[in-house]
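Shown below: upload.pdb, with PDB, C-alpha atoms.
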ATOM      1  CA  MET V 297     -12.088  36.334  -4.047
ATOM      2  CA  ARG V 298     -10.564  39.541  -2.712
ATOM      3  CA  PRO V 299     -11.470  40.629   0.858
ATOM      4  CA  ASN V 300     -12.260  44.213  -0.176
ATOM      5  CA  ARG V 301     -14.729  43.017  -2.787
ATOM      6  CA  LEU V 302     -16.357  40.644  -0.311
ATOM      7  CA  LEU V 303     -16.680  43.505   2.178
ATOM      8  CA  ARG V 304     -18.220  45.759  -0.472
ATOM      9  CA  HIS V 305     -20.679  43.002  -1.446
ATOM     10  CA  LEU V 306     -21.654  42.542   2.205
ATOM     11  CA  SER V 307     -22.172  46.283   2.740
ATOM     12  CA  THR V 308     -24.207  46.865  -0.430
ATOM     13  CA  LYS V 309     -26.192  43.619  -0.792
ATOM     14  CA  HIS V 310     -26.536  42.501   2.831
ATOM     15  CA  ALA V 311     -26.453  45.711   4.824
ATOM     16  CA  SER V 312     -28.454  44.193   7.683
ATOM     17  CA  LEU V 313     -25.691  41.630   8.302
ATOM     18  CA  LYS V 314     -22.597  43.815   8.027
ATOM     19  CA  ASP V 315     -22.383  44.396  11.796
ATOM     20  CA  LYS V 316     -22.753  40.717  12.724
ATOM     21  CA  PRO V 317     -19.780  39.075  14.496
ATOM     22  CA  LYS V 318     -17.487  36.568  12.829
ATOM     23  CA  GLU V 319     -18.990  33.697  14.845
ATOM     24  CA  PHE V 320     -22.377  34.350  13.199
ATOM     25  CA  PHE V 321     -20.998  33.711   9.715
ATOM     26  CA  ALA V 322     -19.033  30.648  10.901
ATOM     27  CA  ALA V 323     -22.252  29.135  12.259
ATOM     28  CA  LYS V 324     -24.057  29.902   8.982
ATOM     29  CA  SER V 325     -21.292  28.189   7.000
ATOM     30  CA  LYS V 326     -21.466  25.103   9.234
ATOM     31  CA  ASN V 327     -25.246  24.851   8.869
ATOM     32  CA  LEU V 328     -25.037  25.126   5.078
ATOM     33  CA  LYS V 329     -22.479  22.309   4.940
ATOM     34  CA  ARG V 330     -24.771  20.101   7.024
ATOM     35  CA  MET V 331     -27.667  20.800   4.672
ATOM     36  CA  LYS V 332     -25.809  20.204   1.388
ATOM     37  CA  LEU V 333     -22.950  17.847   2.239
ATOM     38  CA  ASP V 334     -22.614  14.500   3.982
ATOM     39  CA  SER V 335     -20.788  13.900   7.261
ATOM     40  CA  THR V 336     -17.405  13.939   5.546
ATOM     41  CA  GLY V 337     -18.130  17.177   3.720
ATOM     42  CA  SER V 338     -16.833  15.675   0.464
ATOM     43  CA  ALA V 339     -19.911  14.536  -1.438
ATOM     44  CA  ALA V 340     -23.395  15.808  -2.053
ATOM     45  CA  GLN V 341     -25.948  14.167   0.198
ATOM     46  CA  SER V 342     -28.660  12.231  -1.635
ATOM     47  CA  SER V 343     -31.988  11.092  -0.357
ATOM     48  CA  LEU V 344     -32.501   7.384   0.246
ATOM     49  CA  LYS V 345     -34.796   6.978  -2.768
ATOM     50  CA  VAL V 346     -32.406   8.764  -5.118
ATOM     51  CA  LEU V 347     -29.503   6.656  -3.866
ATOM     52  CA  GLU V 348     -31.520   3.446  -4.272
ATOM     53  CA  ALA V 349     -32.525   4.441  -7.818
ATOM     54  CA  SER V 350     -28.875   5.084  -8.647
ATOM     55  CA  TYR V 351     -27.912   1.565  -7.566
ATOM     56  CA  GLU V 352     -30.849   0.042  -9.444
ATOM     57  CA  LEU V 353     -29.763   1.841 -12.631
ATOM     58  CA  SER V 354     -26.169   0.704 -12.161
ATOM     59  CA  LEU V 355     -27.376  -2.888 -11.682
ATOM     60  CA  ILE V 356     -29.300  -2.746 -14.972
ATOM     61  CA  ILE V 357     -26.221  -1.414 -16.778
ATOM     62  CA  ALA V 358     -24.121  -4.242 -15.335
ATOM     63  CA  LYS V 359     -26.682  -6.914 -16.281
ATOM     64  CA  GLU V 360     -26.908  -5.572 -19.822
ATOM     65  CA  LYS V 361     -23.082  -5.777 -20.019
ATOM     66  CA  LYS V 362     -22.785  -2.125 -20.958
ATOM     67  CA  SER V 363     -19.589  -0.186 -20.401
ATOM     68  CA  HIS V 364     -18.997   0.658 -16.742
ATOM     69  CA  THR V 365     -17.412   3.925 -17.832
ATOM     70  CA  ILE V 366     -20.727   5.412 -18.986
ATOM     71  CA  ASP V 367     -20.423   7.598 -15.926
ATOM     72  CA  ASN V 368     -18.044   7.673 -12.989
ATOM     73  CA  THR V 369     -20.958   7.378 -10.593
ATOM     74  CA  VAL V 370     -22.133   4.207 -12.344
ATOM     75  CA  LYS V 371     -18.682   2.676 -12.091
ATOM     76  CA  ARG V 372     -18.507   3.435  -8.367
ATOM     77  CA  ARG V 373     -21.949   1.951  -7.784
ATOM     78  CA  ILE V 374     -21.062  -1.245  -9.673
ATOM     79  CA  ASP V 375     -17.765  -1.522  -7.799
ATOM     80  CA  ASP V 376     -19.605  -1.048  -4.496
ATOM     81  CA  MET V 377     -22.140  -3.768  -5.338
ATOM     82  CA  ALA V 378     -19.417  -6.165  -6.482
ATOM     83  CA  LYS V 379     -17.448  -5.568  -3.280
ATOM     84  CA  ASN V 380     -20.557  -6.065  -1.160
ATOM     85  CA  ILE V 381     -21.443  -9.349  -2.870
ATOM     86  CA  LYS V 382     -17.879 -10.617  -2.465
ATOM     87  CA  ASN V 383     -17.937  -9.742   1.236
ATOM     88  CA  GLN V 384     -21.243 -11.579   1.680
ATOM     89  CA  VAL V 385     -19.830 -14.697   0.010
ATOM     90  CA  VAL V 386     -16.638 -14.563   2.082
ATOM     91  CA  ASP V 387     -18.620 -14.174   5.313
ATOM     92  CA  ALA V 388     -20.828 -17.130   4.361
ATOM     93  CA  ILE V 389     -17.753 -19.269   3.610
ATOM     94  CA  LYS V 390     -16.271 -18.433   7.017
ATOM     95  CA  LYS V 391     -19.497 -19.469   8.750
ATOM     96  CA  SER V 392     -19.772 -22.706   6.772
ATOM     97  CA  PRO V 393     -18.351 -25.814   8.535
ATOM     98  CA  PHE V 394     -16.465 -26.696   5.349
ATOM     99  CA  PHE V 395     -16.318 -25.757   1.666
ATOM    100  CA  ALA V 396     -14.944 -26.935  -1.680
ATOM    101  CA  ILE V 397     -13.615 -25.066  -4.707
ATOM    102  CA  GLN V 398     -13.712 -25.638  -8.458
ATOM    103  CA  LEU V 399     -11.352 -23.787 -10.746
ATOM    104  CA  ASP V 400     -10.283 -23.596 -14.351
ATOM    105  CA  GLU V 401      -7.888 -21.491 -16.381
ATOM    106  CA  SER V 402      -8.532 -20.925 -20.074
ATOM    107  CA  THR V 403      -7.375 -18.607 -22.838
ATOM    108  CA  ASP V 404      -9.810 -16.985 -25.266
ATOM    109  CA  ILE V 405      -9.312 -16.111 -28.915
ATOM    110  CA  ALA V 406      -7.798 -12.747 -27.913
ATOM    111  CA  GLN V 407      -5.038 -14.621 -26.043
ATOM    112  CA  CYS V 408      -6.415 -13.349 -22.728
ATOM    113  CA  SER V 409      -5.918 -15.839 -19.902
ATOM    114  CA  LEU V 410      -8.531 -15.937 -17.141
ATOM    115  CA  LEU V 411      -8.659 -17.958 -13.931
ATOM    116  CA  LEU V 412     -12.138 -18.585 -12.494
ATOM    117  CA  VAL V 413     -12.628 -20.035  -9.018
ATOM    118  CA  TYR V 414     -16.059 -21.168  -7.797
ATOM    119  CA  VAL V 415     -16.910 -22.211  -4.260
ATOM    120  CA  ARG V 416     -19.529 -24.572  -2.794
ATOM    121  CA  TYR V 417     -20.480 -24.091   0.847
ATOM    122  CA  ILE V 418     -23.343 -24.587   3.312
ATOM    123  CA  GLU V 419     -25.624 -21.726   4.306
ATOM    124  CA  ASN V 420     -28.785 -22.194   6.360
ATOM    125  CA  GLU V 421     -28.463 -25.970   5.944
ATOM    126  CA  ARG V 422     -28.508 -25.613   2.157
ATOM    127  CA  MET V 423     -25.736 -26.109  -0.378
ATOM    128  CA  LYS V 424     -24.835 -22.997  -2.360
ATOM    129  CA  ASP V 425     -22.550 -22.357  -5.343
ATOM    130  CA  GLU V 426     -21.043 -18.924  -5.966
ATOM    131  CA  LEU V 427     -18.215 -17.346  -7.904
ATOM    132  CA  MET V 428     -15.409 -16.957  -5.411
ATOM    133  CA  PHE V 429     -13.110 -14.753  -7.488
ATOM    134  CA  SER V 430     -11.585 -14.334 -10.923
ATOM    135  CA  THR V 431      -8.196 -13.028 -11.925
ATOM    136  CA  GLU V 432      -6.060 -12.592 -15.010
ATOM    137  CA  PRO V 433      -2.622 -14.243 -14.741
ATOM    138  CA  LEU V 434       0.012 -11.742 -15.759
ATOM    139  CA  THR V 435       2.736 -14.169 -16.825
ATOM    140  CA  THR V 436       2.650 -17.977 -16.875
ATOM    141  CA  THR V 437      -0.292 -20.179 -15.902
ATOM    142  CA  LYS V 438       1.555 -22.980 -14.154
ATOM    143  CA  ALA V 439       0.345 -24.725 -11.024
ATOM    144  CA  VAL V 440       2.479 -22.482  -8.805
ATOM    145  CA  ASP V 441       0.921 -19.382 -10.376
ATOM    146  CA  VAL V 442      -2.610 -20.677  -9.804
ATOM    147  CA  MET V 443      -1.685 -21.653  -6.250
ATOM    148  CA  GLU V 444      -0.259 -18.202  -5.603
ATOM    149  CA  ALA V 445      -3.492 -16.531  -6.747
ATOM    150  CA  VAL V 446      -5.650 -18.799  -4.580
ATOM    151  CA  SER V 447      -3.322 -18.458  -1.575
ATOM    152  CA  ASP V 448      -3.343 -14.662  -1.834
ATOM    153  CA  PHE V 449      -7.158 -14.661  -1.796
ATOM    154  CA  PHE V 450      -7.259 -17.024   1.209
ATOM    155  CA  LYS V 451      -4.739 -14.906   3.084
ATOM    156  CA  LYS V 452      -6.383 -11.588   2.273
ATOM    157  CA  HIS V 453      -9.829 -12.758   3.432
ATOM    158  CA  GLU V 454      -8.563 -14.960   6.288
ATOM    159  CA  LEU V 455     -10.024 -18.205   4.954
ATOM    160  CA  SER V 456      -8.948 -21.434   6.616
ATOM    161  CA  TRP V 457      -7.290 -24.151   4.549
ATOM    162  CA  GLN V 458      -8.451 -26.670   7.162
ATOM    163  CA  LYS V 459     -12.076 -26.109   6.152
ATOM    164  CA  LEU V 460     -11.296 -26.854   2.507
ATOM    165  CA  ILE V 461     -12.337 -30.471   1.817
ATOM    166  CA  GLY V 462     -12.345 -30.729  -1.980
ATOM    167  CA  VAL V 463     -10.790 -29.316  -5.145
ATOM    168  CA  CYS V 464     -12.337 -29.897  -8.568
ATOM    169  CA  THR V 465     -10.239 -29.277 -11.691
ATOM    170  CA  ASP V 466      -9.889 -30.459 -15.271
ATOM    171  CA  GLY V 467      -7.416 -33.138 -16.302
ATOM    172  CA  ALA V 468      -4.523 -30.848 -17.232
ATOM    173  CA  PRO V 469      -1.107 -31.923 -15.858
ATOM    174  CA  SER V 470      -0.654 -28.499 -14.244
ATOM    175  CA  MET V 471      -3.758 -29.229 -12.161
ATOM    176  CA  LEU V 472      -3.476 -32.939 -11.393
ATOM    177  CA  GLY V 473       0.294 -33.482 -11.519
ATOM    178  CA  SER V 474       1.390 -35.907  -8.795
ATOM    179  CA  ARG V 475       4.457 -33.828  -7.853
ATOM    180  CA  SER V 476       3.908 -30.199  -8.749
ATOM    181  CA  GLY V 477       0.241 -30.037  -9.771
ATOM    182  CA  PHE V 478      -2.165 -27.592  -8.146
ATOM    183  CA  VAL V 479      -4.004 -30.315  -6.229
ATOM    184  CA  GLN V 480      -0.733 -31.590  -4.787
ATOM    185  CA  LEU V 481       0.207 -28.063  -3.695
ATOM    186  CA  VAL V 482      -3.160 -27.724  -1.977
ATOM    187  CA  LYS V 483      -2.594 -31.019  -0.144
ATOM    188  CA  GLU V 484       0.568 -29.521   1.297
ATOM    189  CA  LYS V 485      -1.725 -27.025   3.022
ATOM    190  CA  ASN V 486      -4.315 -29.646   4.010
ATOM    191  CA  ALA V 487      -3.501 -33.313   3.500
ATOM    192  CA  ASP V 488      -7.187 -34.319   3.815
ATOM    193  CA  VAL V 489      -8.281 -32.418   0.690
ATOM    194  CA  VAL V 490      -9.849 -34.640  -1.980
ATOM    195  CA  GLY V 491      -8.994 -33.908  -5.617
ATOM    196  CA  ILE V 492     -11.782 -34.472  -8.150
ATOM    197  CA  HIS V 493     -11.611 -34.606 -11.948
ATOM    198  CA  CYS V 494     -14.511 -32.506 -13.317
ATOM    199  CA  PHE V 495     -17.002 -34.755 -15.122
ATOM    200  CA  ILE V 496     -18.015 -31.928 -17.485
ATOM    201  CA  HIS V 497     -14.488 -31.943 -18.866
ATOM    202  CA  ARG V 498     -14.806 -35.698 -19.438
ATOM    203  CA  GLN V 499     -18.034 -35.097 -21.331
ATOM    204  CA  ALA V 500     -16.271 -32.510 -23.467
ATOM    205  CA  LEU V 501     -13.624 -35.093 -24.302
ATOM    206  CA  ALA V 502     -16.325 -37.650 -25.071
ATOM    207  CA  ALA V 503     -17.840 -35.218 -27.577
ATOM    208  CA  LYS V 504     -14.641 -35.471 -29.615
ATOM    209  CA  THR V 505     -15.616 -39.028 -30.675
ATOM    210  CA  LEU V 506     -19.316 -38.824 -31.442
ATOM    211  CA  PRO V 507     -21.308 -41.606 -33.097
ATOM    212  CA  ASN V 508     -21.537 -41.176 -36.872
ATOM    213  CA  GLU V 509     -25.204 -40.188 -36.781
ATOM    214  CA  LEU V 510     -24.711 -37.465 -34.168
ATOM    215  CA  ASN V 511     -21.509 -36.309 -35.852
ATOM    216  CA  ALA V 512     -23.389 -35.845 -39.139
ATOM    217  CA  VAL V 513     -26.076 -33.881 -37.323
ATOM    218  CA  LEU V 514     -23.479 -31.670 -35.666
ATOM    219  CA  LYS V 515     -21.809 -30.905 -39.012
ATOM    220  CA  LEU V 516     -25.176 -30.076 -40.578
ATOM    221  CA  CYS V 517     -26.050 -27.727 -37.699
ATOM    222  CA  ILE V 518     -22.666 -25.998 -37.955
ATOM    223  CA  LYS V 519     -23.166 -25.614 -41.711
ATOM    224  CA  VAL V 520     -26.573 -23.979 -41.192
ATOM    225  CA  VAL V 521     -25.303 -21.641 -38.482
ATOM    226  CA  ASN V 522     -22.290 -20.650 -40.579
ATOM    227  CA  TYR V 523     -24.520 -19.803 -43.551
ATOM    228  CA  VAL V 524     -26.590 -17.428 -41.412
ATOM    229  CA  LYS V 525     -23.741 -15.939 -39.367
ATOM    230  CA  ASN V 526     -20.921 -15.661 -41.919
ATOM    231  CA  SER V 527     -22.702 -12.932 -43.852
ATOM    232  CA  ALA V 528     -23.517  -9.614 -42.209
ATOM    233  CA  LEU V 529     -26.499  -9.233 -44.543
ATOM    234  CA  ASN V 530     -27.863 -12.675 -43.685
ATOM    235  CA  THR V 531     -27.449 -11.914 -39.996
ATOM    236  CA  ARG V 532     -29.470  -8.713 -40.328
ATOM    237  CA  LEU V 533     -32.172 -10.384 -42.415
ATOM    238  CA  PHE V 534     -32.467 -13.275 -39.978
ATOM    239  CA  LYS V 535     -32.766 -10.826 -37.082
ATOM    240  CA  ILE V 536     -35.593  -8.960 -38.857
ATOM    241  CA  LEU V 537     -37.356 -12.274 -39.560
ATOM    242  CA  CYS V 538     -37.158 -13.284 -35.890
ATOM    243  CA  GLU V 539     -38.506  -9.880 -34.826
ATOM    244  CA  ASP V 540     -41.426 -10.164 -37.259
ATOM    245  CA  LEU V 541     -42.258 -13.652 -35.965
ATOM    246  CA  GLY V 542     -41.994 -12.566 -32.329
ATOM    247  CA  SER V 543     -39.236 -15.047 -31.488
ATOM    248  CA  ASP V 544     -37.605 -15.135 -28.061
ATOM    249  CA  HIS V 545     -34.162 -14.879 -29.680
ATOM    250  CA  LYS V 546     -32.956 -12.908 -32.682
ATOM    251  CA  THR V 547     -29.649 -14.530 -33.522
ATOM    252  CA  LEU V 548     -27.905 -17.880 -33.700
ATOM    253  CA  LEU V 549     -24.746 -18.718 -31.763
ATOM    254  CA  PHE V 550     -21.303 -19.748 -32.940
ATOM    255  CA  HIS V 551     -19.608 -22.550 -31.042
ATOM    256  CA  THR V 552     -16.077 -22.388 -29.707
ATOM    257  CA  GLU V 553     -13.645 -24.791 -28.105
ATOM    258  CA  VAL V 554     -12.684 -22.300 -25.392
ATOM    259  CA  ARG V 555     -15.737 -22.781 -23.166
ATOM    260  CA  TRP V 556     -17.190 -26.117 -22.071
ATOM    261  CA  LEU V 557     -20.668 -26.993 -23.370
ATOM    262  CA  SER V 558     -20.440 -24.347 -26.071
ATOM    263  CA  LYS V 559     -21.657 -26.833 -28.687
ATOM    264  CA  GLY V 560     -24.669 -27.451 -26.470
ATOM    265  CA  ASN V 561     -25.432 -23.730 -26.346
ATOM    266  CA  MET V 562     -25.164 -23.480 -30.119
ATOM    267  CA  LEU V 563     -27.417 -26.507 -30.681
ATOM    268  CA  GLY V 564     -29.890 -25.363 -28.056
ATOM    269  CA  ARG V 565     -30.348 -21.976 -29.745
ATOM    270  CA  LEU V 566     -30.704 -23.657 -33.136
ATOM    271  CA  PHE V 567     -33.355 -25.951 -31.666
ATOM    272  CA  GLU V 568     -35.318 -22.982 -30.303
ATOM    273  CA  LEU V 569     -35.152 -21.165 -33.670
ATOM    274  CA  ARG V 570     -35.627 -24.232 -35.913
ATOM    275  CA  ASP V 571     -38.866 -22.938 -37.494
ATOM    276  CA  GLU V 572     -37.341 -19.529 -38.156
ATOM    277  CA  VAL V 573     -34.282 -21.190 -39.731
ATOM    278  CA  ILE V 574     -36.438 -23.279 -42.091
ATOM    279  CA  THR V 575     -38.362 -20.164 -43.146
ATOM    280  CA  PHE V 576     -35.154 -18.190 -43.651
ATOM    281  CA  LEU V 577     -33.515 -20.906 -45.774
ATOM    282  CA  ALA V 578     -36.638 -21.047 -47.930
ATOM    283  CA  GLN V 579     -36.612 -17.259 -48.393
ATOM    284  CA  GLN V 580     -32.940 -17.373 -49.409
ATOM    285  CA  LYS V 581     -33.693 -20.184 -51.880
ATOM    286  CA  GLN V 582     -31.259 -22.537 -50.201
ATOM    287  CA  ASN V 583     -33.351 -25.481 -51.343
ATOM    288  CA  GLU V 584     -30.685 -28.147 -50.914
ATOM    289  CA  LEU V 585     -29.675 -27.044 -47.428
ATOM    290  CA  SER V 586     -33.288 -26.526 -46.406
ATOM    291  CA  ALA V 587     -34.293 -29.980 -47.648
ATOM    292  CA  GLU V 588     -31.416 -31.632 -45.811
ATOM    293  CA  PHE V 589     -32.227 -29.728 -42.638
ATOM    294  CA  LYS V 590     -35.895 -30.735 -42.750
ATOM    295  CA  LYS V 591     -35.175 -34.300 -43.825
ATOM    296  CA  LYS V 592     -32.746 -35.169 -41.037
ATOM    297  CA  LYS V 593     -34.661 -33.170 -38.429
ATOM    298  CA  PRO V 594     -31.537 -32.614 -36.340
ATOM    299  CA  TRP V 595     -33.538 -31.260 -33.412
ATOM    300  CA  ASN V 596     -34.559 -34.828 -32.558
ATOM    301  CA  GLN V 597     -30.919 -35.817 -32.244
ATOM    302  CA  VAL V 598     -30.226 -32.592 -30.358
ATOM    303  CA  ILE V 599     -32.776 -33.580 -27.718
ATOM    304  CA  LEU V 600     -31.164 -36.999 -27.470
ATOM    305  CA  ALA V 601     -27.720 -35.434 -27.146
ATOM    306  CA  TYR V 602     -28.951 -33.228 -24.324
ATOM    307  CA  PHE V 603     -30.306 -36.229 -22.455
ATOM    308  CA  ILE V 604     -27.004 -38.093 -22.634
ATOM    309  CA  ARG V 605     -25.056 -34.814 -22.146
ATOM    310  CA  LEU V 606     -22.661 -35.287 -25.039
ATOM    311  CA  PHE V 607     -22.352 -31.618 -25.905
TER     312      PHE V 607
END
Encoded form (structure tokens):
Amino acid sequence: MRPNRLLRHLSTKHASLKDKPKEFFAAKSKNLKRMKLDSTGSAAQSSLKVLEASYELSLIIAKEKKSHTIDNTVKRRIDDMAKNIKNQVVDAIKKSPFFAIQLDESTDIAQCSLLLVYVRYIENERMKDELMFSTEPLTTTKAVDVMEAVSDFFKKHELSWQKLIGVCTDGAPSMLGSRSGFVQLVKEKNADVVGIHCFIHRQALAAKTLPNELNAVLKLCIKVVNYVKNSALNTRLFKILCEDLGSDHKTLLFHTEVRWLSKGNMLGRLFELRDEVITFLAQQKQNELSAEFKKKKPWNQVILAYFIRLF
């Protein structure tokens, strides 16, 4: 903006102010910044209710697993909430007299490796479990790499190894190796740490050798789920049927070997939608599959399997 044009605008549009001193306009500019900008002068000031609504909206987007890049503001809000939650957990761990960690590294079908670390600590005389942190290993996933990731987190947040009393892992050699396993590396930091083999992993191994009756039920359930899910048309029709019947869920679940208890999730959803599945098989004239499904009544065995935690 050219000075001569600004002067002409002041003389023609604001004649009553043209003789005011420079300090008058400097004060006006300062007052306007206070009204429209925050203390840093870099962002528009929002009222408390508007700011709270923004965070509530961002929380809904995060819970619905929508893209965080819907808007830059949403991404910042979600990042702020995630950082705040992490700081709360870290502060609670520091105040706890001791804590234990559970960790596992797995690779999904997209060949993406992910390390998850959970923590158990005491807060207000109650035991609490929270996600401590997660990270994606960039190269190898050996014990030294896992140890490096955990050590970096401990160092960054000033967590004491002396308060760590237990480490729970699966039975992989990289975790439980007597010489170079992760647990052994942790014991070099604190010799009193107790290493525990996760019982859920043992249950997953036990599911590999099921009794014949339960194995037949599992195969039948997988066959039913595959019939519904393998066809895009069948998936859409089954979803419409569930919506018409007012079901709590609208789709069945595939099972995968990547995540523990995934067979249990698949069987649990099939159990909840058993009536809808019978109706759908009848509509599709899958008489043989429908008869076998109703005859064996696999949901009875599913309940039994849940009680003995085989899946």
Chain and number of each residue from the PyMOL selection byres ((chain V and resi 453) around 12), as a list of chain:residue names: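 On this input, the PyMOL selection byres ((chain V and resi 453) around 12) captures V:Lys382, V:Asn383, V:Gln384, V:Val385, V:Val386, V:Asp387, V:Ala388, V:Ile389, V:Lys390, V:Met428, V:Phe429, V:Val446, V:Ser447, V:Asp448, V:Phe449, V:Phe450, V:Lys451, V:Lys452, V:Glu454, V:Leu455, V:Ser456, V:Trp457.
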Using only C-alpha atoms: which of V:Ala578, V:Leu548, V:Leu516, V:Ile374 has the shortest distance to Lys362 (chain V): V:Ile374
Nearby residues (all atoms listed in the file) at most 12 Å from Ile418 (chain V), same-chain spacing under 4 positions excluded, as an MDAnalysis selection string: chainID V and resid 385 387:396 422:426 459
Picked residues, the PyMOL selection byres ((chain V and resi 350) around 12), as a list in words: Ser342, Ser343, Leu344, Lys345, Val346, Leu347, Glu348, Ala349, Tyr351, Glu352, Leu353, Ser354, Leu355, Ile356, Ile357, Asp367, Asn368, Thr369, Val370, Lys371, Arg372, Arg373, Ile374, Asp376 and Met377 of chain V
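Among V:Leu514, V:Leu577, V:Cys408, V:Ile397, the residue with the shortest atom-to-atom distance to Val490 (chain V), counting only C-alpha atoms, is V:Ile397.
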Tell me, as a PDB file with C-alpha atoms, in the coordinates of the input, which residues lie within 10 Å of region 530-533 of chain V, counting all atoms listed in the file; anything in the same chain fewer than 3 positions away does not count.
ATOM      1  CA  TYR V 523     -24.520 -19.803 -43.551  1.00  0.00           C
ATOM      2  CA  VAL V 524     -26.590 -17.428 -41.412  1.00  0.00           C
ATOM      3  CA  LYS V 525     -23.741 -15.939 -39.367  1.00  0.00           C
ATOM      4  CA  ASN V 526     -20.921 -15.661 -41.919  1.00  0.00           C
ATOM      5  CA  SER V 527     -22.702 -12.932 -43.852  1.00  0.00           C
ATOM      6  CA  ILE V 536     -35.593  -8.960 -38.857  1.00  0.00           C
ATOM      7  CA  LEU V 537     -37.356 -12.274 -39.560  1.00  0.00           C
ATOM      8  CA  CYS V 538     -37.158 -13.284 -35.890  1.00  0.00           C
ATOM      9  CA  GLU V 539     -38.506  -9.880 -34.826  1.00  0.00           C
ATOM     10  CA  LYS V 546     -32.956 -12.908 -32.682  1.00  0.00           C
ATOM     11  CA  THR V 547     -29.649 -14.530 -33.522  1.00  0.00           C
ATOM     12  CA  LEU V 548     -27.905 -17.880 -33.700  1.00  0.00           C
ATOM     13  CA  PHE V 576     -35.154 -18.190 -43.651  1.00  0.00           C
ATOM     14  CA  GLN V 580     -32.940 -17.373 -49.409  1.00  0.00           C
TER      15      GLN V 580
END
Evaluate the PyMOL selection byres ((chain V and resi 562) around 8) and report residues as a PyMOL selection string: chain V and resi 548-551+558-561+563-566
Two-atom distance - CA of Leu460 (chain V), CA of Tyr417 (chain V) (Å):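 Calculated distance between CA of Leu460 (chain V) and CA of Tyr417 (chain V) is 9.7 Å.
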d(CA of Ala358 (chain V), CA of Asp375 (chain V)) in Å: 10.2 Å
Within 10 Å of Ser543 (chain V) using all atoms listed in the file, minus same-chain residues under 6 positions, as a ChimeraX atom specification: /V:535,537,568-569,571-572
